[in-house]
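Data file: data.txt. Format and content: compact mmCIF, C-alpha atoms and all ligand atoms.
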# COMPACT_ATOMS: atom_id res chain seq x y z
CA MET A 1 14.06 27.16 11.24
CA PRO A 2 13.67 23.39 10.76
CA ARG A 3 13.39 22.20 7.18
CA ILE A 4 10.69 19.64 6.68
CA ILE A 5 9.69 16.96 4.24
CA LEU A 6 6.06 15.82 4.02
CA SER A 7 5.14 12.29 2.88
CA VAL A 8 1.60 11.57 1.71
CA ASN A 9 0.19 8.06 1.37
CA ALA A 10 -3.28 7.90 -0.14
CA GLY A 11 -4.38 4.28 0.43
CA SER A 12 -7.78 2.87 -0.40
CA SER A 13 -9.24 3.34 3.08
CA SER A 14 -6.99 5.99 4.59
CA VAL A 15 -4.81 9.02 3.90
CA LYS A 16 -1.64 9.19 5.95
CA ALA A 17 0.56 12.31 6.08
CA THR A 18 3.83 12.36 7.99
CA PHE A 19 6.10 15.38 8.49
CA TYR A 20 9.83 14.57 8.82
CA THR A 21 12.98 16.48 9.58
CA LEU A 22 15.25 16.81 6.56
CA ASP A 23 17.87 14.50 8.06
CA ASN A 24 19.37 11.24 6.91
CA PRO A 25 17.60 9.16 8.17
CA PRO A 26 14.52 11.38 8.48
CA SER A 27 12.88 11.65 11.88
CA ALA A 28 9.07 11.94 12.21
CA ILE A 29 7.74 15.18 13.72
CA ILE A 30 4.01 14.57 13.20
CA GLU A 31 2.18 11.52 11.91
CA ALA A 32 -1.42 12.26 10.97
CA GLN A 33 -4.03 10.05 9.43
CA VAL A 34 -7.67 10.04 8.38
CA SER A 35 -8.98 6.47 8.31
CA GLY A 36 -12.31 4.78 7.66
CA ILE A 37 -12.84 6.60 4.35
CA THR A 38 -14.70 3.54 3.00
CA ALA A 39 -16.21 2.58 6.39
CA PRO A 40 -17.44 5.55 8.44
CA PRO A 41 -17.21 6.68 11.22
CA GLN A 42 -14.04 8.35 10.03
CA THR A 43 -11.30 9.15 12.48
CA PHE A 44 -8.51 11.71 12.58
CA LYS A 45 -5.46 10.51 14.44
CA TYR A 46 -2.18 12.25 15.02
CA SER A 47 0.90 11.68 17.05
CA THR A 48 3.91 13.83 17.84
CA LYS A 49 6.90 12.90 20.00
CA SER A 50 4.98 14.06 23.09
CA ASP A 51 1.30 13.70 22.25
CA GLN A 52 -1.20 11.29 20.70
CA LYS A 53 -4.80 12.00 19.87
CA LYS A 54 -7.70 10.28 18.12
CA GLU A 55 -10.94 12.08 17.20
CA LYS A 56 -14.10 10.85 15.53
CA LEU A 57 -14.85 13.25 12.66
CA LYS A 58 -18.18 15.08 12.97
CA TYR A 59 -18.84 14.91 9.22
CA ASN A 60 -17.60 12.48 6.59
CA LEU A 61 -14.84 13.40 4.16
CA GLY A 62 -16.04 11.98 0.85
CA SER A 63 -12.74 11.10 -0.82
CA PRO A 64 -8.96 10.85 -0.27
CA PRO A 65 -8.35 14.39 -1.70
CA GLU A 66 -10.86 15.84 0.77
CA ALA A 67 -9.22 13.88 3.59
CA PHE A 68 -5.82 15.25 2.50
CA LYS A 69 -7.07 18.87 2.50
CA TYR A 70 -8.41 18.29 6.01
CA LEU A 71 -5.05 16.83 7.16
CA LEU A 72 -3.11 19.72 5.63
CA GLN A 73 -5.35 22.28 7.28
CA ARG A 74 -5.14 20.57 10.71
CA CYS A 75 -1.38 20.01 10.52
CA LEU A 76 -0.33 23.35 9.06
CA THR A 77 -2.70 25.78 10.70
CA ASP A 78 -4.09 24.22 13.88
CA PRO A 79 -1.64 25.37 16.58
CA VAL A 80 -2.69 22.47 18.80
CA VAL A 81 -1.51 19.93 16.23
CA PHE A 82 1.42 21.65 14.58
CA VAL A 83 3.51 23.10 17.33
CA SER A 84 7.05 23.01 16.04
CA ALA A 85 7.09 24.55 12.57
CA SER A 86 5.19 26.57 9.96
CA PRO A 87 4.12 25.96 6.33
CA GLU A 88 7.20 27.85 5.04
CA ASP A 89 9.43 25.14 6.52
CA VAL A 90 8.10 22.47 4.15
CA VAL A 91 10.63 22.08 1.32
CA CYS A 92 9.40 18.94 -0.36
CA ILE A 93 6.29 16.73 -0.55
CA CYS A 94 6.55 13.03 -1.43
CA HIS A 95 3.48 11.37 -2.91
CA ARG A 96 2.67 7.69 -3.14
CA ILE A 97 1.35 6.99 -6.64
CA VAL A 98 0.17 3.43 -7.02
CA HIS A 99 0.53 3.06 -10.80
CA GLY A 100 3.70 4.47 -12.34
CA GLY A 101 3.44 2.79 -15.75
CA ASP A 102 6.98 2.25 -17.06
CA TYR A 103 8.68 4.54 -14.51
CA THR A 104 11.35 2.62 -12.62
CA ASN A 105 12.20 5.37 -10.13
CA ALA A 106 10.77 8.38 -8.32
CA ILE A 107 10.36 11.57 -10.37
CA GLU A 108 9.93 15.26 -9.68
CA ILE A 109 6.55 16.64 -10.69
CA ASN A 110 6.42 19.44 -13.24
CA ASP A 111 3.81 20.22 -15.91
CA GLU A 112 5.25 17.61 -18.25
CA THR A 113 5.54 14.73 -15.75
CA TYR A 114 2.12 15.58 -14.29
CA HIS A 115 0.65 15.28 -17.77
CA GLN A 116 2.46 11.95 -18.35
CA LEU A 117 0.89 10.60 -15.17
CA GLU A 118 -2.54 11.81 -16.25
CA GLU A 119 -2.10 9.76 -19.43
CA ILE A 120 -1.77 6.49 -17.49
CA GLU A 121 -4.52 7.37 -15.02
CA ASP A 122 -7.01 5.00 -16.68
CA LEU A 123 -4.77 2.01 -15.81
CA ALA A 124 -5.66 2.51 -12.13
CA PRO A 125 -8.40 5.16 -11.98
CA LEU A 126 -9.46 4.36 -8.43
CA HIS A 127 -5.97 4.91 -7.02
CA ASN A 128 -4.18 7.32 -9.36
CA PHE A 129 -6.99 9.83 -9.79
CA PRO A 130 -7.19 10.78 -6.08
CA ALA A 131 -3.38 10.80 -5.78
CA LEU A 132 -3.08 13.19 -8.73
CA GLU A 133 -5.82 15.37 -7.24
CA ILE A 134 -3.72 15.58 -4.06
CA ILE A 135 -0.65 16.60 -6.09
CA ARG A 136 -2.76 19.27 -7.84
CA THR A 137 -3.88 20.62 -4.44
CA CYS A 138 -0.26 20.80 -3.25
CA ARG A 139 0.91 22.59 -6.40
CA GLN A 140 -1.92 25.10 -6.00
CA GLU A 141 -1.71 25.70 -2.26
CA LEU A 142 2.06 25.40 -1.75
CA PRO A 143 3.44 26.55 -5.13
CA LEU A 144 7.05 26.93 -3.95
CA VAL A 145 7.33 23.37 -2.67
CA LYS A 146 8.87 20.53 -4.72
CA ASN A 147 6.61 17.52 -5.33
CA ILE A 148 8.17 14.08 -5.81
CA ALA A 149 6.12 11.12 -7.05
CA HIS A 150 7.09 7.66 -5.77
CA PHE A 151 5.58 4.66 -7.51
CA ASP A 152 4.27 1.43 -6.00
CA SER A 153 4.93 -0.32 -9.31
CA ALA A 154 8.64 0.69 -9.59
CA PHE A 155 9.90 -2.03 -7.20
CA HIS A 156 8.58 -4.67 -9.60
CA HIS A 157 10.48 -3.51 -12.71
CA SER A 158 12.65 -6.61 -12.19
CA LEU A 159 9.77 -9.03 -12.95
CA PRO A 160 10.97 -11.54 -15.56
CA LYS A 161 9.35 -11.27 -18.99
CA HIS A 162 7.46 -14.57 -18.67
CA VAL A 163 5.97 -13.36 -15.37
CA ARG A 164 4.96 -9.86 -16.48
CA THR A 165 3.51 -10.94 -19.86
CA TYR A 166 -0.17 -11.87 -20.22
CA PRO A 167 -0.84 -14.57 -22.82
CA ILE A 168 -2.85 -12.30 -25.17
CA ASP A 169 -2.20 -10.76 -28.60
CA GLN A 170 1.20 -9.12 -28.06
CA GLU A 171 0.58 -6.27 -30.48
CA VAL A 172 -2.52 -5.21 -28.51
CA ALA A 173 -0.64 -5.75 -25.25
CA ARG A 174 2.22 -3.47 -26.37
CA ARG A 175 -0.05 -0.75 -27.76
CA ASN A 176 -2.26 -0.61 -24.66
CA LYS A 177 0.55 -1.25 -22.12
CA LEU A 178 -1.21 -4.40 -20.89
CA ARG A 179 1.16 -6.29 -18.58
CA LYS A 180 1.65 -7.18 -14.96
CA TYR A 181 2.99 -4.14 -13.08
CA GLY A 182 2.51 -5.09 -9.40
CA PHE A 183 1.99 -2.66 -6.50
CA HIS A 184 2.76 -2.02 -2.80
CA GLY A 185 6.38 -1.67 -3.96
CA ILE A 186 7.21 1.28 -1.70
CA SER A 187 6.18 -0.94 1.20
CA TYR A 188 8.18 -3.91 -0.15
CA ALA A 189 11.30 -1.71 -0.46
CA PHE A 190 10.94 -0.64 3.20
CA ILE A 191 10.38 -4.26 4.30
CA LEU A 192 13.33 -5.62 2.29
CA ARG A 193 15.72 -3.05 3.78
CA SER A 194 14.40 -3.51 7.33
CA VAL A 195 14.41 -7.32 7.22
CA ALA A 196 17.87 -7.53 5.59
CA GLN A 197 19.18 -5.27 8.35
CA PHE A 198 17.43 -7.38 11.00
CA LEU A 199 18.95 -10.58 9.58
CA GLY A 200 22.36 -8.95 9.17
CA LYS A 201 22.45 -9.75 5.45
CA PRO A 202 23.04 -7.57 2.38
CA GLN A 203 19.77 -6.84 0.56
CA ASP A 204 21.03 -8.50 -2.61
CA LYS A 205 21.49 -11.77 -0.72
CA THR A 206 18.06 -11.64 0.96
CA SER A 207 15.15 -13.75 -0.32
CA LEU A 208 11.66 -13.42 1.13
CA ILE A 209 7.99 -14.05 0.65
CA VAL A 210 6.30 -10.86 1.85
CA MET A 211 2.58 -10.41 2.48
CA HIS A 212 1.30 -6.82 2.54
CA ILE A 213 -2.22 -7.37 3.86
CA GLY A 214 -4.25 -4.18 4.33
CA SER A 215 -7.40 -2.83 2.67
CA GLY A 216 -5.56 -3.71 -0.51
CA ALA A 217 -3.57 -6.93 -0.16
CA SER A 218 -0.72 -8.50 -2.12
CA VAL A 219 2.12 -11.00 -1.85
CA CYS A 220 5.61 -10.61 -3.32
CA ALA A 221 8.40 -13.10 -3.97
CA ILE A 222 11.79 -11.42 -3.51
CA LYS A 223 14.86 -13.32 -4.73
CA ASP A 224 18.26 -11.85 -3.87
CA GLY A 225 16.70 -8.44 -3.25
CA LYS A 226 14.61 -8.34 -6.44
CA SER A 227 10.89 -8.83 -7.03
CA ILE A 228 10.45 -11.95 -9.17
CA ASP A 229 6.67 -12.22 -8.84
CA THR A 230 3.78 -10.48 -7.14
CA SER A 231 0.07 -11.12 -6.92
CA MET A 232 -1.33 -7.81 -8.23
CA GLY A 233 -1.25 -7.26 -11.97
CA LEU A 234 -2.18 -4.64 -14.54
CA THR A 235 -4.19 -3.03 -11.74
CA PRO A 236 -4.42 -3.55 -7.96
CA LEU A 237 -7.55 -5.67 -8.51
CA ALA A 238 -5.67 -8.89 -9.31
CA GLY A 239 -4.54 -11.48 -6.77
CA LEU A 240 -5.84 -11.44 -3.21
CA PRO A 241 -9.27 -10.19 -2.19
CA GLY A 242 -9.31 -6.96 -0.16
CA ALA A 243 -11.69 -4.71 1.76
CA THR A 244 -13.80 -3.92 -1.31
CA ARG A 245 -11.91 -5.79 -4.08
CA SER A 246 -12.68 -9.27 -5.37
CA GLY A 247 -9.11 -10.26 -6.19
CA ASP A 248 -8.74 -13.05 -8.76
CA ILE A 249 -11.96 -14.32 -10.30
CA ASP A 250 -12.77 -15.84 -13.66
CA PRO A 251 -12.73 -12.72 -15.90
CA SER A 252 -16.04 -13.84 -17.47
CA LEU A 253 -17.82 -13.73 -14.10
CA VAL A 254 -18.60 -10.05 -14.30
CA PHE A 255 -20.59 -10.46 -17.55
CA HIS A 256 -22.84 -12.97 -15.75
CA TYR A 257 -23.08 -10.67 -12.72
CA THR A 258 -24.52 -7.78 -14.76
CA SER A 259 -25.45 -7.06 -18.35
CA GLU A 260 -24.22 -3.47 -17.75
CA ALA A 261 -20.60 -4.57 -17.17
CA SER A 262 -19.03 -2.49 -19.91
CA SER A 263 -21.14 0.67 -19.50
CA LEU A 264 -19.84 3.62 -17.50
CA SER A 265 -20.58 3.43 -13.78
CA PRO A 266 -22.78 6.20 -12.33
CA SER A 267 -19.85 7.18 -10.09
CA SER A 268 -17.75 8.13 -13.14
CA THR A 269 -17.02 11.82 -13.53
CA LYS A 270 -15.94 13.96 -16.47
CA GLU A 271 -12.30 13.32 -15.48
CA MET A 272 -12.49 9.77 -14.12
CA HIS A 273 -13.99 7.00 -16.21
CA ILE A 274 -14.81 3.70 -14.57
CA SER A 275 -16.92 0.93 -15.97
CA THR A 276 -19.67 -0.76 -14.00
CA ALA A 277 -17.49 -3.92 -13.97
CA GLU A 278 -14.59 -2.00 -12.40
CA GLU A 279 -16.95 -0.44 -9.87
CA ILE A 280 -18.43 -3.81 -8.81
CA LEU A 281 -15.12 -5.68 -8.59
CA ASN A 282 -13.13 -2.84 -6.98
CA LYS A 283 -15.68 -1.23 -4.69
CA LYS A 284 -18.52 -3.64 -3.95
CA SER A 285 -16.72 -6.95 -3.50
CA GLY A 286 -14.15 -8.34 -1.04
CA TRP A 287 -15.12 -8.25 2.68
CA LYS A 288 -17.73 -5.62 1.92
CA GLY A 289 -19.48 -7.84 -0.62
CA LEU A 290 -19.28 -10.88 1.65
CA THR A 291 -20.11 -9.37 5.05
CA GLY A 292 -21.08 -5.71 4.64
CA THR A 293 -18.04 -4.48 6.59
CA THR A 294 -14.67 -3.31 5.26
CA ASP A 295 -13.12 -3.59 8.71
CA PHE A 296 -11.16 -6.83 8.95
CA ALA A 297 -10.91 -6.42 12.74
CA GLN A 298 -14.60 -7.41 12.83
CA ILE A 299 -13.89 -10.51 10.71
CA ALA A 300 -10.66 -11.83 12.29
CA VAL A 301 -12.24 -12.77 15.63
CA GLU A 302 -12.43 -16.07 17.54
CA ASN A 303 -16.23 -16.19 17.25
CA PRO A 304 -17.27 -14.56 13.98
CA PRO A 305 -20.74 -12.92 14.15
CA THR A 306 -22.00 -14.59 10.94
CA GLU A 307 -21.07 -17.49 8.67
CA ASN A 308 -20.02 -15.03 6.00
CA HIS A 309 -17.53 -13.39 8.37
CA LYS A 310 -15.99 -16.82 8.91
CA LEU A 311 -16.07 -17.44 5.15
CA ALA A 312 -14.29 -14.13 4.44
CA PHE A 313 -11.52 -15.10 6.86
CA ASP A 314 -11.18 -18.60 5.37
CA ILE A 315 -11.08 -17.22 1.82
CA LEU A 316 -8.25 -14.82 2.68
CA VAL A 317 -6.22 -17.55 4.40
CA ASP A 318 -6.78 -19.88 1.46
CA ARG A 319 -5.75 -17.33 -1.20
CA ILE A 320 -2.69 -16.12 0.75
CA SER A 321 -1.53 -19.71 1.32
CA GLY A 322 -1.94 -20.41 -2.41
CA PHE A 323 0.48 -17.58 -3.25
CA VAL A 324 2.93 -18.62 -0.51
CA GLY A 325 3.05 -22.16 -1.98
CA ASN A 326 3.44 -20.80 -5.50
CA TYR A 327 6.27 -18.43 -4.53
CA PHE A 328 7.99 -21.04 -2.35
CA VAL A 329 8.35 -23.13 -5.52
CA LYS A 330 9.53 -20.14 -7.58
CA LEU A 331 12.19 -19.47 -4.94
CA HIS A 332 13.16 -23.20 -5.00
CA GLY A 333 12.49 -23.26 -1.26
CA GLN A 334 15.54 -20.99 -0.75
CA LEU A 335 14.34 -18.12 1.40
CA ASP A 336 15.24 -16.36 4.62
CA ALA A 337 11.73 -15.58 5.90
CA ILE A 338 8.06 -15.08 5.31
CA VAL A 339 7.00 -11.62 6.42
CA PHE A 340 3.58 -10.32 7.50
CA ALA A 341 2.94 -6.59 6.98
CA GLY A 342 0.12 -4.08 6.30
CA GLY A 343 -2.71 -3.14 8.69
CA ILE A 344 -4.07 -6.70 8.89
CA GLY A 345 -0.75 -8.58 8.61
CA GLU A 346 0.69 -6.51 11.45
CA LYS A 347 -2.33 -6.49 13.75
CA SER A 348 -4.15 -9.79 13.29
CA ALA A 349 -2.47 -12.60 15.26
CA LEU A 350 -5.35 -14.85 14.22
CA LEU A 351 -4.64 -14.38 10.52
CA ARG A 352 -0.89 -14.96 10.97
CA GLN A 353 -1.58 -18.08 13.00
CA ALA A 354 -3.97 -19.50 10.39
CA VAL A 355 -1.63 -18.78 7.44
CA ALA A 356 1.42 -20.18 9.26
CA GLN A 357 -0.54 -23.30 10.16
CA GLN A 358 -1.71 -23.81 6.58
CA CYS A 359 1.88 -23.37 5.34
CA SER A 360 3.61 -25.35 8.10
CA CYS A 361 4.41 -28.17 5.65
CA LEU A 362 6.87 -25.71 4.04
CA GLY A 363 8.79 -25.41 7.30
CA PHE A 364 7.24 -22.21 8.68
CA ASN A 365 6.74 -22.51 12.44
CA ILE A 366 5.17 -19.79 14.51
CA GLU A 367 5.49 -19.35 18.29
CA ALA A 368 1.94 -18.83 19.61
CA GLY A 369 2.91 -16.55 22.53
CA LYS A 370 5.18 -14.30 20.46
CA ASN A 371 2.57 -14.20 17.71
CA SER A 372 -0.23 -13.06 20.00
CA ASP A 373 2.03 -10.38 21.52
CA GLY A 374 2.63 -9.19 17.94
CA ALA A 375 4.69 -6.13 17.05
CA VAL A 376 4.90 -4.30 20.37
CA ASP A 377 7.88 -1.98 19.89
CA GLU A 378 7.00 1.00 17.69
CA ASN A 379 10.67 1.84 17.20
CA THR A 380 11.73 -1.58 15.91
CA PRO A 381 10.12 -2.39 12.57
CA VAL A 382 10.82 -6.15 12.61
CA THR A 383 9.52 -8.68 15.17
CA ASP A 384 10.54 -12.37 15.05
CA VAL A 385 7.68 -14.76 15.87
CA THR A 386 9.44 -17.97 14.74
CA ARG A 387 9.32 -21.14 16.82
CA ASP A 388 12.57 -23.18 16.89
CA ALA A 389 14.06 -21.40 13.88
CA GLY A 390 17.30 -23.36 13.63
CA ASN A 391 18.55 -22.70 10.12
CA GLY A 392 15.07 -22.74 8.61
CA PRO A 393 13.10 -19.75 7.32
CA ARG A 394 11.85 -17.26 9.89
CA VAL A 395 8.34 -15.93 10.38
CA LEU A 396 8.52 -12.16 10.84
CA ILE A 397 6.19 -9.21 11.31
CA CYS A 398 7.33 -5.94 9.75
CA GLN A 399 5.62 -2.66 10.65
CA THR A 400 5.85 -1.23 7.19
CA ASN A 401 6.07 2.50 6.68
CA GLU A 402 5.53 3.81 3.18
CA GLN A 403 5.77 7.46 4.27
CA PHE A 404 9.19 6.85 5.84
CA GLU A 405 10.39 4.96 2.77
CA MET A 406 9.51 7.86 0.46
CA ALA A 407 11.18 10.45 2.72
CA TYR A 408 14.24 8.22 3.19
CA HIS A 409 14.60 7.60 -0.54
CA THR A 410 14.08 11.27 -1.38
CA ILE A 411 16.71 12.44 1.08
CA ALA A 412 19.19 9.71 0.12
CA HIS A 413 18.80 9.89 -3.66
CA MET A 414 17.41 13.25 -4.68
CA LYS A 415 18.94 16.65 -4.27
CA VAL A 416 16.33 18.14 -1.92
CA LEU A 417 19.04 19.49 0.35
CA ASP A 418 20.29 21.93 -2.39
N1 LIG B 1 -6.63 -5.67 15.03
C1 LIG B 1 -6.93 -5.83 13.75
N2 LIG B 1 -7.25 -7.06 13.26
C2 LIG B 1 -7.55 -7.23 11.98
N3 LIG B 1 -7.55 -6.23 11.07
C3 LIG B 1 -7.24 -4.99 11.48
C4 LIG B 1 -6.91 -4.72 12.84
N4 LIG B 1 -6.65 -3.38 12.95
C5 LIG B 1 -6.82 -2.84 11.71
N5 LIG B 1 -7.16 -3.80 10.83
C6 LIG B 1 -7.48 -3.65 9.39
O1 LIG B 1 -6.40 -3.12 8.64
C7 LIG B 1 -6.95 -2.57 7.43
C8 LIG B 1 -6.23 -1.29 7.06
O2 LIG B 1 -4.92 -1.59 6.72
P1 LIG B 1 -3.96 -0.51 6.03
O3 LIG B 1 -2.73 -1.23 5.58
O4 LIG B 1 -3.77 0.64 6.98
O5 LIG B 1 -4.87 -0.10 4.81
P2 LIG B 1 -4.70 0.96 3.62
O6 LIG B 1 -3.29 1.47 3.66
O7 LIG B 1 -4.96 0.17 2.40
O8 LIG B 1 -5.71 2.02 3.87
C9 LIG B 1 -8.45 -2.38 7.67
O9 LIG B 1 -9.18 -3.35 6.94
C10 LIG B 1 -8.58 -2.63 9.16
O10 LIG B 1 -9.81 -3.17 9.47
C1 LIG B 2 -2.04 -0.89 -4.27
C2 LIG B 2 -3.05 -0.88 -3.21
O1 LIG B 2 -3.96 -1.68 -3.22
O2 LIG B 2 -2.90 0.03 -2.24
P1 LIG B 2 -3.76 0.15 -0.90
O3 LIG B 2 -3.63 -1.15 -0.21
O4 LIG B 2 -3.09 1.26 -0.12
O5 LIG B 2 -5.15 0.44 -1.31
MG MG B 3 -1.85 0.90 2.35
Take the structure from the file and write it as structure tokens.
Ligand SMILES: Nc1ncnc2c1ncn2[C@@H]1O[C@H](COP(=O)(O)OP(=O)(O)O)[C@@H](O)[C@H]1O
Ligand SMILES: CC(=O)OP(=O)(O)O
Ligand SMILES: [Mg+2]
Amino acid sequence: MPRIILSVNAGSSSVKATFYTLDNPPSAIIEAQVSGITAPPQTFKYSTKSDQKKEKLKYNLGSPPEAFKYLLQRCLTDPVVFVSASPEDVVCICHRIVHGGDYTNAIEINDETYHQLEEIEDLAPLHNFPALEIIRTCRQELPLVKNIAHFDSAFHHSLPKHVRTYPIDQEVARRNKLRKYGFHGISYAFILRSVAQFLGKPQDKTSLIVMHIGSGASVCAIKDGKSIDTSMGLTPLAGLPGATRSGDIDPSLVFHYTSEASSLSPSSTKEMHISTAEEILNKKSGWKGLTGTTDFAQIAVENPPTENHKLAFDILVDRISGFVGNYFVKLHGQLDAIVFAGGIGEKSALLRQAVAQQCSCLGFNIEAGKNSDGAVDENTPVTDVTRDAGNGPRVLICQTNEQFEMAYHTIAHMKVLD
């Protein structure tokens, strides 16, 4: 019987679940995904070594936990999808948890650690609540299987004190755990390892500016293998705008937007408390607020359908370039590459072209032909799109894979093989 590890990645617009063999490195058996959770029609997509299928769902799954239950049911019980194993073969489930508070490494879930994670849920209610619901489902439906939580924030535990500290009353900051945490760290760990390998350098000698641009978007400055700054903060709202998130704004703006800012939003539940301000800035802003769509593929086009589509594109390019300039200075101009990753960073040649052009004064040159071909080889995570690199920094695309990173880390560092 094969022994299998399942990796679950609940993002803001999709839930991805990949089943791997328990090998080092793990090898994917089935990759399944429900996408379009914030922008129906929703689709169910899966691929095995021999088959690939995409279906439009007949009814909408209302939330990431519902999407996960659907994925589990299709992958574990639908004989068409899951041909090579049975539920008993699953020995371990890895979960992507966006906010891990002070945790600096992955942990095994038991009653105590689950409760500790519930206590920090309010720091990122829109991400952590659904992820914890998914863990609860797994513990209920597959009680014999180990659950391991991997944290997006853990990669950034190296942030220097002056970067992670907000200039507010430090007693209040300490008591309420108010600091910059940073996210997308599972993705940054995958990208760092893959790019270092591609460049033939040790990770601790690799310095990069990495852009993870998906429904949630962030930038990270990596110096000698360590995160020294990143654009998200206490929550994933800070920094770049995203599909439904405003990114950085003047914090006072929301009180001029609505007089109800601090009252509970109607979408709060008994378990999940979100203010109207959080609801507006996290769920009704970004591309959705500007254009009505959360699908960046409709925005990043040669001839945008409306002025606001064009504006949304220009805003993203402007904000990304601002962080690239900032981090270039923090790295003293000493870096090996800038890296594009995430659904948009990997798929939009137009966005890469515009950012590279805006940042060309820093020595980043992109080759138009290679850029429009993009990342073509599914089996090679890194694609070089640099023009005339010489000894200067490279422009790379990395097909990031958070599910793989969690499975890889779990097999390499935790005793799941016992
Ligand atoms: N060809 C494309 N051009 C531009 N954006 C794209 C393209 N294909 C997909 N996207 C965008 O990628 C985003 C999803 O990225 P992803 O990293 O998978 O998100 P998440 O993990 O946060 O759910 C969506 O906004 C989608 O519209
Ligand atoms: C942290 C974050 O924003 O994650 P995602 O992009 O998957 O929503
Ligand atoms: Mg994501």
Set the cut-off to 10 Å, count only C-alpha atoms and all ligand atoms, and list whatever residues fall near ligand MG 3 (chain B) as number ranges by chain. A: 9-16, 96, 98, 184, 186-187, 212-217, 342-343, 400-402
Per residue of stretch 271-385 of chain A within 9 Å of stretch 219-241 of chain A, which atom pair is closest and at what distance in Å (one decimal), using all atoms listed in the file, listed by chain and increasing number, as JSON lines?
{"residue": "A:Glu278", "atom": "CA", "partner": "A:Leu237", "partner_atom": "CA", "distance": 8.8}
{"residue": "A:Leu281", "atom": "CA", "partner": "A:Leu237", "partner_atom": "CA", "distance": 7.6}
{"residue": "A:Asn282", "atom": "CA", "partner": "A:Leu237", "partner_atom": "CA", "distance": 6.4}
{"residue": "A:Ser285", "atom": "CA", "partner": "A:Pro241", "partner_atom": "CA", "distance": 8.2}
{"residue": "A:Gly286", "atom": "CA", "partner": "A:Pro241", "partner_atom": "CA", "distance": 5.3}
{"residue": "A:Trp287", "atom": "CA", "partner": "A:Pro241", "partner_atom": "CA", "distance": 7.9}
{"residue": "A:Ile315", "atom": "CA", "partner": "A:Pro241", "partner_atom": "CA", "distance": 8.3}
{"residue": "A:Leu316", "atom": "CA", "partner": "A:Pro241", "partner_atom": "CA", "distance": 6.8}
{"residue": "A:Arg319", "atom": "CA", "partner": "A:Leu240", "partner_atom": "CA", "distance": 6.2}
{"residue": "A:Ile320", "atom": "CA", "partner": "A:Leu240", "partner_atom": "CA", "distance": 6.9}
{"residue": "A:Phe323", "atom": "CA", "partner": "A:Val219", "partner_atom": "CA", "distance": 6.9}
{"residue": "A:Val324", "atom": "CA", "partner": "A:Val219", "partner_atom": "CA", "distance": 7.8}
{"residue": "A:Tyr327", "atom": "CA", "partner": "A:Ala221", "partner_atom": "CA", "distance": 5.8}
{"residue": "A:Phe328", "atom": "CA", "partner": "A:Ala221", "partner_atom": "CA", "distance": 8.1}
{"residue": "A:Lys330", "atom": "CA", "partner": "A:Ala221", "partner_atom": "CA", "distance": 8.0}
{"residue": "A:Leu331", "atom": "CA", "partner": "A:Lys223", "partner_atom": "CA", "distance": 6.7}
{"residue": "A:Gln334", "atom": "CA", "partner": "A:Lys223", "partner_atom": "CA", "distance": 8.7}
{"residue": "A:Leu335", "atom": "CA", "partner": "A:Lys223", "partner_atom": "CA", "distance": 7.8}
What's around stretch 192-194 of chain A at 10 Å? Count all atoms listed in the file, leave out sequence neighbours fewer than 3 positions away in its own chain, and write the answer as a PyMOL selection string. chain A and resi 187-189+197-204+206-208+210+222+225-226+339+380-382+398-400+405
Skipping near chain neighbours, those fewer than 4 positions away, what residues fall within 12 Å of A:Pro25 using only C-alpha atoms, listed as a list in words?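 So the residues in contact are Ile5, Tyr20, Thr21, Phe404, Glu405, Met406, Ala407, Tyr408, His409, Thr410, Ile411, Ala412 and His413 of chain A.
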Using all atoms listed in the file, pick whichever of A:Asn379, A:Thr77, A:Ser268, A:Thr244 has the shortest atom-to-atom distance to ligand LIG 1 (chain B).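 Of A:Asn379, A:Thr77, A:Ser268, A:Thr244, the one nearest ligand LIG 1 (chain B), counting all atoms listed in the file, is A:Thr244.
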Once you count only C-alpha atoms, which residues end up no further than 10 Å from (-12.3, 13.2, -8.8) in the file's frame, shown as an NGL selection string? :A and (63-65 or 125-126 or 129-133 or 267-273)
Long-range neighbours of A:Arg139 as a ChimeraX atom specification, 12 Å cut-off, all atoms listed in the file, 3 positions minimum in chain: /A:92-93,109-111,114,132-136,142-148
Out of A:Val376, A:Ala341, A:Ala196, A:Met414, which residue has the shortest atom-to-atom distance to ligand LIG 1 (chain B) when counting all atoms listed in the file? A:Ala341
Please report the interatomic distance between atom CA of A:Glu119 and atom CA of A:Thr137 in Å with one decimal.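 One can read the atom CA of A:Glu119 to atom CA of A:Thr137 distance as 18.6 Å.
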Please complete stretch 231-235 of chain A with N, CA and C atoms and give it back as a PDB file, in the frame of the given file.
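Below you can see selection10.pdb, which holds the result:
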ATOM      1  N   SER A 231       1.413 -10.632  -6.612  1.00  0.00           N
ATOM      2  CA  SER A 231       0.070 -11.120  -6.920  1.00  0.00           C
ATOM      3  C   SER A 231      -0.825 -10.098  -7.616  1.00  0.00           C
ATOM      4  N   MET A 232      -0.528  -8.791  -7.495  1.00  0.00           N
ATOM      5  CA  MET A 232      -1.330  -7.810  -8.230  1.00  0.00           C
ATOM      6  C   MET A 232      -0.834  -7.754  -9.666  1.00  0.00           C
ATOM      7  N   GLY A 233      -1.604  -7.163 -10.558  1.00  0.00           N
ATOM      8  CA  GLY A 233      -1.250  -7.260 -11.970  1.00  0.00           C
ATOM      9  C   GLY A 233      -1.236  -5.942 -12.699  1.00  0.00           C
ATOM     10  N   LEU A 234      -2.026  -5.882 -13.777  1.00  0.00           N
ATOM     11  CA  LEU A 234      -2.180  -4.640 -14.540  1.00  0.00           C
ATOM     12  C   LEU A 234      -2.717  -3.544 -13.622  1.00  0.00           C
ATOM     13  N   THR A 235      -3.607  -3.954 -12.726  1.00  0.00           N
ATOM     14  CA  THR A 235      -4.190  -3.030 -11.740  1.00  0.00           C
ATOM     15  C   THR A 235      -4.135  -3.699 -10.371  1.00  0.00           C
TER      16      THR A 235
END
